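File shown: my_file29.csv (CSV, C-alpha atoms and all ligand atoms).
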```csv
chain,number,residue,atom,x,y,z
B,1,MET,CA,3.8,55.7,-43.2
B,2,GLU,CA,5.6,53.2,-41.0
B,3,MET,CA,3.9,52.4,-37.7
B,4,THR,CA,5.6,50.9,-34.7
B,5,TRP,CA,3.4,48.6,-32.7
B,6,THR,CA,4.8,48.8,-29.2
B,7,PRO,CA,3.4,46.4,-26.6
B,8,GLU,CA,1.6,49.3,-25.0
B,9,ARG,CA,-0.1,50.3,-28.3
B,10,VAL,CA,-1.1,46.7,-29.0
B,11,GLU,CA,-2.5,46.5,-25.5
B,12,ILE,CA,-4.6,49.6,-26.0
B,13,LEU,CA,-5.7,48.4,-29.4
B,14,ASN,CA,-6.8,45.0,-27.9
B,15,ARG,CA,-8.6,46.8,-25.1
B,16,LEU,CA,-10.5,49.2,-27.3
B,17,PHE,CA,-11.3,46.3,-29.7
B,18,GLU,CA,-12.6,44.2,-26.8
B,19,GLU,CA,-14.8,47.1,-25.8
B,20,GLY,CA,-16.5,46.8,-29.1
B,21,LEU,CA,-15.4,50.1,-30.6
B,22,PRO,CA,-15.5,50.4,-34.4
B,23,THR,CA,-12.1,50.4,-36.1
B,24,SER,CA,-12.5,54.0,-37.1
B,25,GLU,CA,-13.1,55.1,-33.5
B,26,ILE,CA,-10.1,53.0,-32.3
B,27,GLY,CA,-8.0,54.8,-35.0
B,28,ARG,CA,-9.2,58.2,-33.9
B,29,ARG,CA,-8.4,57.5,-30.2
B,30,MET,CA,-5.0,56.1,-31.0
B,31,GLY,CA,-4.2,58.8,-33.7
B,32,LEU,CA,-3.9,56.2,-36.4
B,33,THR,CA,-5.8,55.5,-39.6
B,34,LYS,CA,-8.6,53.0,-39.7
B,35,ASN,CA,-6.6,51.0,-42.2
B,36,THR,CA,-3.7,50.8,-39.9
B,37,ILE,CA,-6.0,49.4,-37.2
B,38,ILE,CA,-7.7,46.9,-39.5
B,39,GLY,CA,-4.3,45.8,-40.7
B,40,ARG,CA,-3.0,45.2,-37.2
B,41,LEU,CA,-6.2,43.4,-36.2
B,42,HIS,CA,-5.9,41.2,-39.3
B,43,ARG,CA,-2.3,40.3,-38.5
B,44,ASN,CA,-3.4,39.5,-34.9
B,45,GLY,CA,-6.0,37.2,-36.3
B,46,MET,CA,-8.6,39.2,-34.5
B,47,SER,CA,-12.0,39.6,-36.0
B,48,ARG,CA,-15.2,41.2,-34.7
B,49,ARG,CA,-17.5,38.8,-33.0
B,50,GLU,CA,-21.0,39.2,-34.3
B,51,THR,CA,-22.8,37.5,-31.4
B,52,GLY,CA,-25.3,39.5,-29.5
B,53,PRO,CA,-24.7,41.9,-26.7
B,54,LYS,CA,-21.3,41.6,-25.2
B,55,PHE,CA,-22.2,42.4,-21.6
B,56,VAL,CA,-25.0,40.5,-20.1
B,57,PRO,CA,-26.1,42.1,-16.8
B,58,GLN,CA,-25.6,39.6,-14.0
B,59,ARG,CA,-28.7,38.8,-12.1
B,60,ASN,CA,-28.2,39.3,-8.4
B,61,PHE,CA,-28.1,35.9,-7.0
B,62,PHE,CA,-30.1,36.8,-3.9
B,63,GLU,CA,-32.7,38.8,-5.8
B,64,PHE,CA,-33.7,35.8,-7.8
B,65,ASN,CA,-37.3,35.2,-7.1
B,66,GLY,CA,-38.0,31.7,-8.4
B,67,PRO,CA,-41.2,29.9,-8.6
B,68,GLY,CA,-40.1,27.6,-5.8
B,69,CYS,CA,-39.0,27.7,-2.1
B,70,LEU,CA,-35.9,29.8,-1.7
B,71,TRP,CA,-34.6,28.1,1.3
B,72,PRO,CA,-30.9,27.5,0.7
B,73,HIS,CA,-29.4,24.1,1.1
B,74,GLY,CA,-25.6,24.3,1.6
B,75,HIS,CA,-23.3,27.2,1.3
B,76,PRO,CA,-23.6,29.6,-1.8
B,77,ASP,CA,-19.9,28.8,-2.6
B,78,ASP,CA,-20.7,25.1,-2.6
B,79,PRO,CA,-21.2,23.6,-6.0
B,80,GLN,CA,-23.9,21.5,-4.5
B,81,PHE,CA,-25.7,24.6,-3.3
B,82,HIS,CA,-29.4,24.7,-4.3
B,83,PHE,CA,-32.7,26.1,-3.2
B,84,CYS,CA,-35.4,23.9,-1.7
B,85,GLY,CA,-37.6,24.6,-4.7
B,86,GLY,CA,-40.7,23.4,-2.9
B,87,HIS,CA,-44.1,24.9,-3.4
B,88,PRO,CA,-44.0,28.3,-1.6
B,89,VAL,CA,-46.6,29.5,0.8
B,90,PRO,CA,-48.6,32.4,-0.7
B,91,GLY,CA,-46.9,35.7,0.1
B,92,LYS,CA,-43.8,33.9,1.4
B,93,PRO,CA,-40.6,32.9,-0.4
B,94,TYR,CA,-40.5,29.5,1.4
B,95,CYS,CA,-42.5,26.3,1.4
B,96,ALA,CA,-44.6,25.5,4.4
B,97,VAL,CA,-41.9,23.6,6.1
B,98,HIS,CA,-39.2,26.2,5.7
B,99,ALA,CA,-41.6,29.1,6.3
B,100,ALA,CA,-42.2,27.6,9.7
B,101,ILE,CA,-38.5,27.6,10.4
B,102,ALA,CA,-37.9,31.1,8.9
B,103,TYR,CA,-40.7,32.8,10.6
B,104,VAL,CA,-40.6,31.0,14.0
B,105,ARG,CA,-41.4,33.4,16.7
B,106,PRO,CA,-38.8,33.8,19.4
B,107,LYS,CA,-41.5,34.2,22.1
B,108,GLU,CA,-40.9,30.8,23.7
B,109,GLU,CA,-37.2,31.3,23.8
B,110,LYS,CA,-37.7,34.6,25.6
B,111,GLN,CA,-39.9,33.0,28.2
B,112,ALA,CA,-37.5,30.2,28.8
B,113,ALA,CA,-34.7,32.7,29.4
A,201,ZN,ZN,-38.6,24.7,1.3
```
As structure tokens:
Amino acid sequence: MEMTWTPERVEILNRLFEEGLPTSEIGRRMGLTKNTIIGRLHRNGMSRRETGPKFVPQRNFFEFNGPGCLWPHGHPDDPQFHFCGGHPVPGKPYCAVHAAIAYVRPKEEKQAA
């Protein structure tokens, strides 16, 4: 049976393949035989990567609770961005220096104003 691989079909094949579906399932979804799928993948030079889970959940940047002071230096978009990393005050995410800044009471400012 002759099979025409239109750009649309190739795109669908690539997408399903990238999703990690088995060739038999790709064939079922596309209404083709497993052998047709394998043949096309082979011609494309595509092969199944056998390396671990495909999607690694991204850790929320701001939920990271490191062992050090989380006072940010620079802008998060800045390649030089880093956290202070100093020894944190117990119960606080910052070192003593930055905890003093972070938890400064606005009392004096109110009195001044
Ligand atoms: Zn710090």
Let me see if you get this right: every residue at most 7 Å from ligand ZN 201 (chain A), counting only C-alpha atoms and all ligand atoms, written as a PyMOL selection string. chain B and resi 69-71+84-86+94-98
Surrounding residues of B:Ile38 excluding itself and chain neighbours under 6 positions, 12 Å, all atoms listed in the file, as a list of chain:residue names: B:Leu13, B:Asn14, B:Phe17, B:Pro22, B:Thr23, B:Ser24, B:Glu25, B:Ile26, B:Gly27, B:Leu32, B:Asn44, B:Gly45, B:Met46, B:Ser47, B:Arg48
Which distance in Å separates atom CA of B:Gly20 and atom CA of B:Arg43, to one decimal? 18.2 Å
List as a ChimeraX atom specification the protein and nucleic acid residues near stretch 5-11 of chain B, meaning an atom at most 10 Å away when only C-alpha atoms are counted, but skip any in the same chain fewer than 3 places from it. /B:2,14-17,30,37,40-41,44
Rounded to one decimal place, report the atom CA of B:Val104-atom CA of B:Pro79 distance in Å. 28.8 Å
Just how far from atom CA of B:Arg105 is atom CA of B:Phe83, in Å to one decimal?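 Taking atom CA of B:Phe83 as the start and atom CA of B:Arg105 as the end point, the length is 22.9 Å.
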Nearest candidate to B:Thr36 (options B:Thr4, B:Ala102, B:Gly74, B:Pro88; using all atoms listed in the file): B:Thr4
